[in-house]
>>> print(open('target.cif').read())   # mmCIF, C-alpha atoms
data_target
loop_
_atom_site.label_atom_id
_atom_site.label_comp_id
_atom_site.auth_asym_id
_atom_site.auth_seq_id
_atom_site.Cartn_x
_atom_site.Cartn_y
_atom_site.Cartn_z
CA MET I 1 -66.60 -23.08 122.88
CA PRO I 2 -65.02 -26.08 121.13
CA ASP I 3 -64.93 -26.25 117.34
CA ALA I 4 -67.75 -28.12 115.64
CA LEU I 5 -65.21 -30.38 113.89
CA VAL I 6 -61.54 -31.10 114.46
CA VAL I 7 -59.67 -33.45 112.14
CA ASN I 8 -56.21 -34.43 113.34
CA GLY I 9 -53.68 -36.48 111.38
CA LEU I 10 -56.15 -38.48 109.29
CA THR I 11 -54.33 -41.01 107.11
CA LYS I 12 -55.65 -43.72 104.81
CA THR I 13 -53.75 -46.15 102.56
CA PHE I 14 -55.46 -48.65 100.32
CA PRO I 15 -53.62 -51.99 99.98
CA ALA I 16 -51.95 -52.90 96.72
CA ARG I 17 -53.86 -54.84 94.14
CA ARG I 18 -52.16 -57.72 92.38
CA GLY I 19 -49.09 -56.38 90.59
CA GLY I 20 -49.66 -52.83 91.81
CA LYS I 21 -48.60 -50.53 94.62
CA ALA I 22 -50.37 -49.46 97.76
CA VAL I 23 -52.19 -46.15 97.32
CA ALA I 24 -51.79 -43.44 99.97
CA ALA I 25 -55.22 -41.84 99.56
CA VAL I 26 -54.96 -39.39 102.48
CA ARG I 27 -51.78 -38.39 104.29
CA ASP I 28 -51.79 -36.71 107.70
CA ILE I 29 -54.63 -34.24 107.07
CA GLY I 30 -55.70 -31.90 109.84
CA PHE I 31 -57.99 -28.88 110.15
CA SER I 32 -60.63 -27.37 112.42
CA LEU I 33 -64.06 -25.96 111.62
CA PRO I 34 -66.01 -23.66 113.94
CA ALA I 35 -69.75 -23.90 114.45
CA GLY I 36 -71.44 -22.33 111.44
CA GLY I 37 -68.19 -22.35 109.46
CA SER I 38 -67.66 -23.80 106.01
CA LEU I 39 -64.69 -25.50 104.39
CA GLY I 40 -64.15 -26.47 100.76
CA LEU I 41 -62.14 -29.62 99.98
CA VAL I 42 -60.79 -29.07 96.48
CA GLY I 43 -58.78 -31.21 94.10
CA GLU I 44 -58.90 -33.27 90.96
CA SER I 45 -60.28 -36.80 90.83
CA GLY I 46 -58.02 -39.06 92.87
CA SER I 47 -56.78 -36.29 95.16
CA GLY I 48 -58.25 -37.99 98.23
CA LYS I 49 -60.97 -35.49 99.05
CA THR I 50 -63.85 -37.99 98.95
CA THR I 51 -61.90 -40.52 101.06
CA LEU I 52 -61.28 -37.77 103.60
CA ALA I 53 -64.98 -36.85 103.61
CA ARG I 54 -65.99 -40.49 104.14
CA MET I 55 -63.62 -40.79 107.11
CA ILE I 56 -65.13 -37.67 108.67
CA VAL I 57 -68.64 -39.16 108.65
CA GLY I 58 -67.49 -42.67 109.57
CA LEU I 59 -67.99 -44.42 106.23
CA ALA I 60 -64.28 -45.26 105.96
CA ARG I 61 -61.86 -46.30 108.69
CA PRO I 62 -58.62 -44.26 108.91
CA ASP I 63 -55.28 -45.95 109.48
CA ALA I 64 -54.37 -43.14 111.86
CA GLY I 65 -55.78 -39.89 113.19
CA THR I 66 -58.85 -38.70 115.06
CA VAL I 67 -62.13 -36.90 114.40
CA THR I 68 -63.87 -34.94 117.13
CA PHE I 69 -67.18 -33.07 117.09
CA GLY I 70 -67.65 -30.37 119.69
CA GLY I 71 -64.74 -31.86 121.63
CA ARG I 72 -66.28 -35.36 121.61
CA ASP I 73 -64.28 -38.20 120.09
CA ARG I 74 -66.21 -39.77 117.22
CA SER I 75 -63.22 -41.39 115.55
CA TRP I 76 -62.95 -45.12 115.00
CA THR I 77 -61.40 -45.38 118.46
CA ALA I 78 -64.95 -44.83 119.73
CA ARG I 79 -66.64 -48.06 118.61
CA GLY I 80 -69.94 -49.77 119.19
CA GLY I 81 -73.52 -49.24 118.06
CA LYS I 82 -74.17 -46.30 120.36
CA ALA I 83 -70.98 -44.57 119.22
CA ARG I 84 -71.92 -45.01 115.57
CA LEU I 85 -75.40 -43.64 116.21
CA ALA I 86 -73.93 -40.67 118.09
CA ARG I 87 -71.57 -40.00 115.20
CA ALA I 88 -74.48 -40.08 112.74
CA ARG I 89 -76.12 -37.36 114.81
CA GLU I 90 -72.96 -35.25 114.64
CA ALA I 91 -72.27 -35.49 110.90
CA GLN I 92 -74.38 -36.34 107.87
CA MET I 93 -73.32 -36.72 104.25
CA VAL I 94 -75.09 -35.66 101.05
CA PHE I 95 -73.86 -37.50 97.96
CA GLN I 96 -73.40 -36.54 94.33
CA ASP I 97 -76.19 -38.78 93.04
CA PRO I 98 -79.38 -38.22 95.05
CA TYR I 99 -81.24 -40.88 93.06
CA GLY I 100 -78.75 -43.51 94.15
CA SER I 101 -78.81 -42.39 97.79
CA LEU I 102 -82.61 -42.44 98.16
CA ASP I 103 -84.70 -45.60 98.60
CA ARG I 104 -86.72 -45.80 95.39
CA ARG I 105 -89.56 -47.64 97.17
CA LEU I 106 -90.24 -44.87 99.69
CA THR I 107 -92.19 -41.67 99.30
CA VAL I 108 -90.58 -38.45 100.51
CA ASP I 109 -92.81 -38.47 103.59
CA HIS I 110 -91.94 -42.09 104.41
CA ALA I 111 -88.21 -41.52 103.97
CA LEU I 112 -88.20 -38.55 106.36
CA ARG I 113 -90.35 -40.37 108.92
CA ASP I 114 -87.93 -43.31 108.86
CA VAL I 115 -85.00 -41.07 109.76
CA LEU I 116 -86.94 -39.39 112.56
CA ARG I 117 -88.07 -42.73 114.02
CA ARG I 118 -84.48 -43.99 114.08
CA HIS I 119 -82.96 -40.93 115.73
CA GLN I 120 -85.90 -39.53 117.72
CA PRO I 121 -87.94 -42.61 118.67
CA GLY I 122 -89.89 -40.74 121.34
CA LEU I 123 -91.62 -38.38 118.89
CA SER I 124 -95.39 -38.68 118.75
CA ARG I 125 -97.19 -39.18 115.44
CA ALA I 126 -98.32 -35.55 115.46
CA ALA I 127 -94.84 -34.27 116.31
CA THR I 128 -93.33 -36.40 113.56
CA ALA I 129 -95.80 -35.03 110.99
CA GLU I 130 -95.00 -31.48 112.13
CA ARG I 131 -91.27 -32.16 111.89
CA VAL I 132 -91.64 -33.59 108.36
CA GLN I 133 -93.58 -30.48 107.34
CA GLY I 134 -90.85 -28.29 108.78
CA LEU I 135 -88.13 -30.17 106.88
CA LEU I 136 -90.00 -29.83 103.59
CA ASP I 137 -90.39 -26.11 104.20
CA ARG I 138 -86.73 -25.82 105.20
CA VAL I 139 -85.50 -27.18 101.83
CA GLY I 140 -88.15 -25.45 99.73
CA LEU I 141 -90.26 -28.45 98.70
CA ASP I 142 -94.03 -28.19 98.18
CA ASP I 143 -96.29 -30.24 100.45
CA GLU I 144 -97.76 -32.01 97.43
CA LEU I 145 -94.39 -33.70 96.79
CA ALA I 146 -94.52 -35.55 100.13
CA GLY I 147 -96.28 -38.49 98.47
CA SER I 148 -93.83 -38.69 95.56
CA ARG I 149 -91.14 -41.31 95.04
CA PRO I 150 -87.62 -40.45 93.79
CA HIS I 151 -88.35 -41.28 90.14
CA GLN I 152 -91.19 -38.76 90.15
CA LEU I 153 -88.91 -35.90 91.18
CA SER I 154 -86.44 -33.74 89.27
CA GLY I 155 -82.72 -33.90 90.05
CA GLY I 156 -82.89 -30.70 92.07
CA GLN I 157 -85.92 -31.91 94.03
CA ARG I 158 -84.20 -35.21 94.82
CA GLN I 159 -81.16 -33.36 96.14
CA ARG I 160 -83.42 -31.23 98.33
CA VAL I 161 -84.92 -34.44 99.75
CA ALA I 162 -81.42 -35.77 100.44
CA ILE I 163 -80.56 -32.54 102.27
CA ALA I 164 -83.82 -32.74 104.24
CA LYS I 165 -82.99 -36.30 105.32
CA ALA I 166 -79.56 -35.15 106.52
CA LEU I 167 -81.05 -32.20 108.41
CA ALA I 168 -83.63 -34.45 110.11
CA VAL I 169 -80.86 -35.61 112.44
CA ASP I 170 -79.98 -32.01 113.41
CA PRO I 171 -76.29 -32.62 112.65
CA ALA I 172 -73.50 -30.31 113.74
CA VAL I 173 -71.71 -30.87 110.44
CA LEU I 174 -73.06 -31.45 106.93
CA VAL I 175 -70.61 -33.01 104.46
CA LEU I 176 -71.52 -32.58 100.79
CA ASP I 177 -69.64 -34.66 98.23
CA GLU I 178 -69.93 -33.06 94.77
CA ALA I 179 -73.54 -32.42 95.75
CA VAL I 180 -74.35 -30.08 92.86
CA SER I 181 -72.05 -31.35 90.10
CA ALA I 182 -74.78 -33.46 88.45
CA LEU I 183 -77.27 -30.57 88.34
CA ASP I 184 -77.94 -27.90 85.73
CA VAL I 185 -76.24 -24.56 86.39
CA SER I 186 -79.51 -22.82 87.31
CA VAL I 187 -80.42 -25.62 89.75
CA GLN I 188 -76.89 -25.55 91.17
CA ALA I 189 -77.35 -21.89 92.03
CA GLN I 190 -80.63 -22.65 93.82
CA ILE I 191 -79.09 -25.45 95.91
CA LEU I 192 -76.05 -23.34 96.80
CA ALA I 193 -78.32 -20.49 97.89
CA LEU I 194 -80.30 -22.99 99.98
CA LEU I 195 -77.14 -24.26 101.68
CA ASN I 196 -76.03 -20.74 102.53
CA GLU I 197 -79.46 -20.01 103.98
CA ILE I 198 -79.47 -23.22 106.04
CA ARG I 199 -76.01 -22.48 107.41
CA ARG I 200 -76.97 -18.94 108.32
CA ASP I 201 -80.23 -19.91 110.02
CA SER I 202 -79.25 -23.15 111.78
CA GLY I 203 -75.54 -22.72 112.52
CA VAL I 204 -74.67 -26.06 110.92
CA SER I 205 -71.08 -26.31 109.65
CA LEU I 206 -70.44 -27.34 106.04
CA VAL I 207 -67.66 -29.41 104.50
CA PHE I 208 -68.09 -29.02 100.74
CA VAL I 209 -66.20 -31.42 98.47
CA SER I 210 -65.82 -30.23 94.89
CA HIS I 211 -63.53 -29.99 91.90
CA ASP I 212 -65.26 -26.75 90.89
CA LEU I 213 -63.60 -23.71 92.42
CA ALA I 214 -66.43 -21.39 91.33
CA VAL I 215 -68.89 -23.49 93.32
CA VAL I 216 -66.61 -23.58 96.36
CA ALA I 217 -66.34 -19.78 96.24
CA GLU I 218 -70.14 -19.53 96.65
CA VAL I 219 -70.47 -21.54 99.86
CA THR I 220 -67.20 -21.71 101.80
CA ASP I 221 -65.21 -19.43 104.09
CA ARG I 222 -62.02 -21.48 103.87
CA THR I 223 -60.55 -23.87 101.32
CA LEU I 224 -58.20 -26.83 101.64
CA VAL I 225 -56.56 -27.90 98.37
CA MET I 226 -55.58 -31.57 98.07
CA TYR I 227 -53.14 -33.25 95.72
CA ARG I 228 -52.39 -36.99 95.87
CA GLY I 229 -53.70 -37.25 99.40
CA GLU I 230 -51.84 -34.26 100.82
CA ALA I 231 -52.98 -30.77 101.75
CA VAL I 232 -50.95 -28.41 99.56
CA GLU I 233 -52.77 -25.20 100.47
CA HIS I 234 -55.22 -24.13 103.18
CA GLY I 235 -56.58 -20.68 103.80
CA ASP I 236 -59.33 -18.11 103.38
CA THR I 237 -61.30 -19.04 100.24
CA ALA I 238 -61.20 -15.59 98.67
CA GLU I 239 -57.47 -15.32 99.32
CA VAL I 240 -56.72 -18.79 97.95
CA LEU I 241 -58.64 -18.06 94.77
CA ARG I 242 -57.27 -14.53 94.36
CA ARG I 243 -53.63 -15.21 95.22
CA PRO I 244 -52.83 -18.95 95.16
CA ARG I 245 -49.53 -19.74 96.86
CA HIS I 246 -49.08 -23.26 95.52
CA PRO I 247 -48.55 -24.04 91.82
CA TYR I 248 -51.13 -26.84 91.94
CA THR I 249 -53.80 -24.38 93.07
CA GLU I 250 -52.75 -22.01 90.31
CA MET I 251 -53.10 -24.86 87.83
CA LEU I 252 -56.61 -25.67 89.07
CA LEU I 253 -57.64 -22.04 88.71
CA SER I 254 -56.18 -21.86 85.20
CA SER I 255 -58.09 -25.02 84.26
CA ALA I 256 -61.47 -23.39 84.89
CA PRO I 257 -62.98 -22.29 81.53
CA GLY I 258 -63.75 -18.60 81.31
CA PRO I 259 -63.32 -15.53 79.09
CA ASP I 260 -59.54 -15.59 79.54
CA TRP I 261 -59.11 -19.35 79.51
CA GLN I 262 -55.90 -20.45 77.79
CA PRO I 263 -55.58 -24.23 77.37
CA GLU I 264 -51.91 -23.90 76.46
CA ARG I 265 -51.29 -22.10 79.77
CA VAL I 266 -52.97 -24.97 81.63
CA ALA I 267 -50.73 -27.49 79.88
CA GLU I 268 -47.67 -25.38 80.70
CA LEU I 269 -48.60 -25.13 84.40
CA ARG I 270 -49.36 -28.84 84.65
CA ALA I 271 -46.03 -29.79 83.06
CA ALA I 272 -44.15 -27.46 85.40
CA PHE I 273 -45.99 -28.74 88.44
CA GLU I 274 -45.50 -32.42 87.59
CA GLN I 275 -41.79 -31.81 86.96
CA ARG I 276 -41.50 -30.10 90.35
CA SER I 277 -43.36 -32.97 92.03
CA ALA I 278 -41.08 -35.56 90.42
CA LEU I 279 -38.01 -33.76 91.75
CA ALA I 280 -39.40 -33.36 95.27
#
>>> encode(input="target.cif", output="C-alpha cells")
Amino acid sequence: MPDALVVNGLTKTFPARRGGKAVAAVRDIGFSLPAGGSLGLVGESGSGKTTLARMIVGLARPDAGTVTFGGRDRSWTARGGKARLARAREAQMVFQDPYGSLDRRLTVDHALRDVLRRHQPGLSRAATAERVQGLLDRVGLDDELAGSRPHQLSGGQRQRVAIAKALAVDPAVLVLDEAVSALDVSVQAQILALLNEIRRDSGVSLVFVSHDLAVVAEVTDRTLVMYRGEAVEHGDTAEVLRRPRHPYTEMLLSSAPGPDWQPERVAELRAAFEQRSALA
C-alpha cells in the first residue's frame, strides 16, 4: 500500500527584494507519511515550515520537487482545474487563525454545505443535512451552533468549525499550521485530543506545523526539525525530544520554559550553534 504522502526534493526560493538577497525558504526537503501517520514540522519563525506546508497543499508553487498522495502525482506538474480539485480532496489545511479563515457572512451550517456542494455535488438535500450533522458531531460541536456565525463562536469553537470544513472533503492528509497556538492551554488540550481521536477513527494522516515541541509531542509519531529551510533532524518524536542529535534541536528544547529552564543555557547553546553554522 503506497504512503498517504510522499514529499521529494521540495525547494522554494523567494526572489530578492530591492537591495536584498534571494531567500532560500525550503531546500530539498523529502519525507514520507503512511496512512494514519503523523509528522511534526518544527522550527523557529522563518525556518521554512509554513512554506513547506503550503507547498504540500498546493498554496505555493515549488521551484523543484514533487508531492504525491497515495502514489498519485499532485505536484504542480499536474495542472488544470481538475488536478487542483483532486489535490484539494487529498490534502486540506487548517490555519492558525480560524476567524480569518472562515467567511464571516456564513453560518456554520452554510459553510459546511458550501464545501459539500463543491466536492460532492451529487448529494441530495437530505444527505447533505445528514453529513453536516455528522461533521458537527465529529468535531464535538452542539447542533444549536449550526446557525451561528464566526463572531458568535469562541476561538476553540471556530477552530472546530475549520477542522470540520477540512474533514468534509474526506482528505487523506490534514495539514495544521500552528492550529492551536492562538488558543488557551485548556482549549489547546481539547483540540489536540480531538485530532488524536480523528486520526485514530478515520485513518487521516496529520502534518502538524508548530514551534511548540510540547504540542508536537502530543499529536505526532515523527518529527522533522527545520532550520533556515533545511531539515536538520528527522526521526521518532519521542527519540528526537529525549535524545536530540542536532545542536539546533537541543537549543529548541532548552528554549522551552519549564521547572529547569535556564535562559543562560539557551543563550550559550544559540551562540555555539550560530558559530558552528557560520563556519559550515
>>> resolve_selection(input="target.cif", expression="the PyMOL selection byres ((chain I and resi 28-35) around 10)", output="number ranges by chain")
I: 1-12, 26-27, 36-39, 52, 64-70, 172-173, 199, 202-207, 222, 224, 226, 229-231, 234
>>> write_last_selection(input="target.cif", atoms="C-alpha atoms", output="short mmCIF file (atom, residue, chain, number, x, y, z; two decimals), keeping the file's coordinate frame")
data_model
loop_
_atom_site.label_atom_id
_atom_site.label_comp_id
_atom_site.auth_asym_id
_atom_site.auth_seq_id
_atom_site.Cartn_x
_atom_site.Cartn_y
_atom_site.Cartn_z
CA MET I 1 -66.60 -23.08 122.88
CA PRO I 2 -65.02 -26.08 121.13
CA ASP I 3 -64.93 -26.25 117.34
CA ALA I 4 -67.75 -28.12 115.64
CA LEU I 5 -65.21 -30.38 113.89
CA VAL I 6 -61.54 -31.10 114.46
CA VAL I 7 -59.67 -33.45 112.14
CA ASN I 8 -56.21 -34.43 113.34
CA GLY I 9 -53.68 -36.48 111.38
CA LEU I 10 -56.15 -38.48 109.29
CA THR I 11 -54.33 -41.01 107.11
CA LYS I 12 -55.65 -43.72 104.81
CA VAL I 26 -54.96 -39.39 102.48
CA ARG I 27 -51.78 -38.39 104.29
CA GLY I 36 -71.44 -22.33 111.44
CA GLY I 37 -68.19 -22.35 109.46
CA SER I 38 -67.66 -23.80 106.01
CA LEU I 39 -64.69 -25.50 104.39
CA LEU I 52 -61.28 -37.77 103.60
CA ALA I 64 -54.37 -43.14 111.86
CA GLY I 65 -55.78 -39.89 113.19
CA THR I 66 -58.85 -38.70 115.06
CA VAL I 67 -62.13 -36.90 114.40
CA THR I 68 -63.87 -34.94 117.13
CA PHE I 69 -67.18 -33.07 117.09
CA GLY I 70 -67.65 -30.37 119.69
CA ALA I 172 -73.50 -30.31 113.74
CA VAL I 173 -71.71 -30.87 110.44
CA ARG I 199 -76.01 -22.48 107.41
CA SER I 202 -79.25 -23.15 111.78
CA GLY I 203 -75.54 -22.72 112.52
CA VAL I 204 -74.67 -26.06 110.92
CA SER I 205 -71.08 -26.31 109.65
CA LEU I 206 -70.44 -27.34 106.04
CA VAL I 207 -67.66 -29.41 104.50
CA ARG I 222 -62.02 -21.48 103.87
CA LEU I 224 -58.20 -26.83 101.64
CA MET I 226 -55.58 -31.57 98.07
CA GLY I 229 -53.70 -37.25 99.40
CA GLU I 230 -51.84 -34.26 100.82
CA ALA I 231 -52.98 -30.77 101.75
CA HIS I 234 -55.22 -24.13 103.18
#
>>> resolve_selection(input="target.cif", expression="the PyMOL selection byres ((chain I and resi 113) around 12)", output="number ranges by chain")
I: 106-112, 114-121, 123-133, 135-136, 146, 164-165, 168-169
>>> resolve_selection(input="target.cif", expression="the PyMOL selection byres ((chain I and resi 153) around 12)", output="number ranges by chain")
I: 98-99, 102, 104, 107-108, 141-142, 144-152, 154-162
>>> closest_residue(input="target.cif", among="I:Val139, I:Ala24, I:Val232, I:Ile56", to="Leu194 of chain I", atoms="all atoms listed in the file")
I:Val139
>>> atom_distance(input="target.cif", atom1="atom CA of Asp170 of chain I", atom2="atom CA of Gly48 of chain I")
27.2 Å
>>> closest_residue(input="target.cif", among="I:Ala166, I:Ile191, I:Leu252, I:Val175", to="Thr51 of chain I", atoms="all atoms listed in the file")
I:Val175
>>> atom_distance(input="target.cif", atom1="atom CA of Ala182 of chain I", atom2="atom CA of Pro247 of chain I")
28.1 Å
>>> atom_distance(input="target.cif", atom1="atom CA of Arg54 of chain I", atom2="atom CA of Ala193 of chain I")
24.3 Å
>>> decode(input="target.cif", residues="segment 133-157 of chain I", atoms="N, CA and C atoms", output="JSON list (two decimals), in the first residue's frame")
[["chain", "number", "residue", "atom", "x", "y", "z"],
["I", 133, "GLN", "N", -24.61, 17.18, 9.96],
["I", 133, "GLN", "CA", -24.82, 16.73, 11.34],
["I", 133, "GLN", "C", -23.66, 15.84, 11.80],
["I", 134, "GLY", "N", -23.23, 14.95, 10.91],
["I", 134, "GLY", "CA", -22.13, 14.06, 11.25],
["I", 134, "GLY", "C", -20.83, 14.81, 11.49],
["I", 135, "LEU", "N", -20.58, 15.86, 10.69],
["I", 135, "LEU", "CA", -19.37, 16.65, 10.85],
["I", 135, "LEU", "C", -19.37, 17.42, 12.17],
["I", 136, "LEU", "N", -20.53, 17.96, 12.52],
["I", 136, "LEU", "CA", -20.64, 18.67, 13.80],
["I", 136, "LEU", "C", -20.37, 17.72, 14.96],
["I", 137, "ASP", "N", -20.95, 16.53, 14.87],
["I", 137, "ASP", "CA", -20.72, 15.53, 15.92],
["I", 137, "ASP", "C", -19.25, 15.14, 15.98],
["I", 138, "ARG", "N", -18.65, 14.99, 14.78],
["I", 138, "ARG", "CA", -17.26, 14.54, 14.70],
["I", 138, "ARG", "C", -16.30, 15.48, 15.42],
["I", 139, "VAL", "N", -16.57, 16.80, 15.36],
["I", 139, "VAL", "CA", -15.67, 17.78, 15.99],
["I", 139, "VAL", "C", -16.20, 18.28, 17.33],
["I", 140, "GLY", "N", -17.27, 17.67, 17.83],
["I", 140, "GLY", "CA", -17.75, 18.00, 19.16],
["I", 140, "GLY", "C", -18.46, 19.32, 19.29],
["I", 141, "LEU", "N", -19.21, 19.72, 18.25],
["I", 141, "LEU", "CA", -19.98, 20.97, 18.30],
["I", 141, "LEU", "C", -21.46, 20.66, 18.47],
["I", 142, "ASP", "N", -22.14, 21.42, 19.32],
["I", 142, "ASP", "CA", -23.57, 21.23, 19.55],
["I", 142, "ASP", "C", -24.37, 21.64, 18.32],
["I", 143, "ASP", "N", -25.49, 20.97, 18.11],
["I", 143, "ASP", "CA", -26.36, 21.28, 16.97],
["I", 143, "ASP", "C", -26.80, 22.74, 16.97],
["I", 144, "GLU", "N", -27.00, 23.30, 18.15],
["I", 144, "GLU", "CA", -27.52, 24.67, 18.25],
["I", 144, "GLU", "C", -26.54, 25.71, 17.68],
["I", 145, "LEU", "N", -25.28, 25.30, 17.49],
["I", 145, "LEU", "CA", -24.29, 26.25, 16.95],
["I", 145, "LEU", "C", -24.31, 26.29, 15.42],
["I", 146, "ALA", "N", -25.10, 25.42, 14.79],
["I", 146, "ALA", "CA", -25.13, 25.36, 13.33],
["I", 146, "ALA", "C", -25.59, 26.68, 12.71],
["I", 147, "GLY", "N", -26.43, 27.43, 13.41],
["I", 147, "GLY", "CA", -26.91, 28.70, 12.89],
["I", 147, "GLY", "C", -26.06, 29.89, 13.29],
["I", 148, "SER", "N", -24.93, 29.65, 13.93],
["I", 148, "SER", "CA", -24.07, 30.74, 14.40],
["I", 148, "SER", "C", -23.08, 31.15, 13.32],
["I", 149, "ARG", "N", -22.68, 32.43, 13.38],
["I", 149, "ARG", "CA", -21.62, 32.95, 12.52],
["I", 149, "ARG", "C", -20.33, 33.02, 13.32],
["I", 150, "PRO", "N", -19.17, 33.11, 12.63],
["I", 150, "PRO", "CA", -17.88, 33.06, 13.34],
["I", 150, "PRO", "C", -17.75, 33.98, 14.54],
["I", 151, "HIS", "N", -18.28, 35.21, 14.44],
["I", 151, "HIS", "CA", -18.10, 36.15, 15.55],
["I", 151, "HIS", "C", -18.90, 35.75, 16.80],
["I", 152, "GLN", "N", -19.82, 34.82, 16.63],
["I", 152, "GLN", "CA", -20.63, 34.36, 17.76],
["I", 152, "GLN", "C", -20.02, 33.15, 18.45],
["I", 153, "LEU", "N", -18.89, 32.69, 17.97],
["I", 153, "LEU", "CA", -18.25, 31.49, 18.50],
["I", 153, "LEU", "C", -16.97, 31.83, 19.26],
["I", 154, "SER", "N", -16.58, 30.96, 20.16],
["I", 154, "SER", "CA", -15.30, 31.12, 20.85],
["I", 154, "SER", "C", -14.17, 30.69, 19.91],
["I", 155, "GLY", "N", -12.92, 30.98, 20.31],
["I", 155, "GLY", "CA", -11.79, 30.59, 19.48],
["I", 155, "GLY", "C", -11.72, 29.09, 19.27],
["I", 156, "GLY", "N", -11.96, 28.33, 20.32],
["I", 156, "GLY", "CA", -11.94, 26.88, 20.19],
["I", 156, "GLY", "C", -13.05, 26.36, 19.30],
["I", 157, "GLN", "N", -14.23, 26.95, 19.40],
["I", 157, "GLN", "CA", -15.35, 26.54, 18.54],
["I", 157, "GLN", "C", -15.06, 26.87, 17.08]]
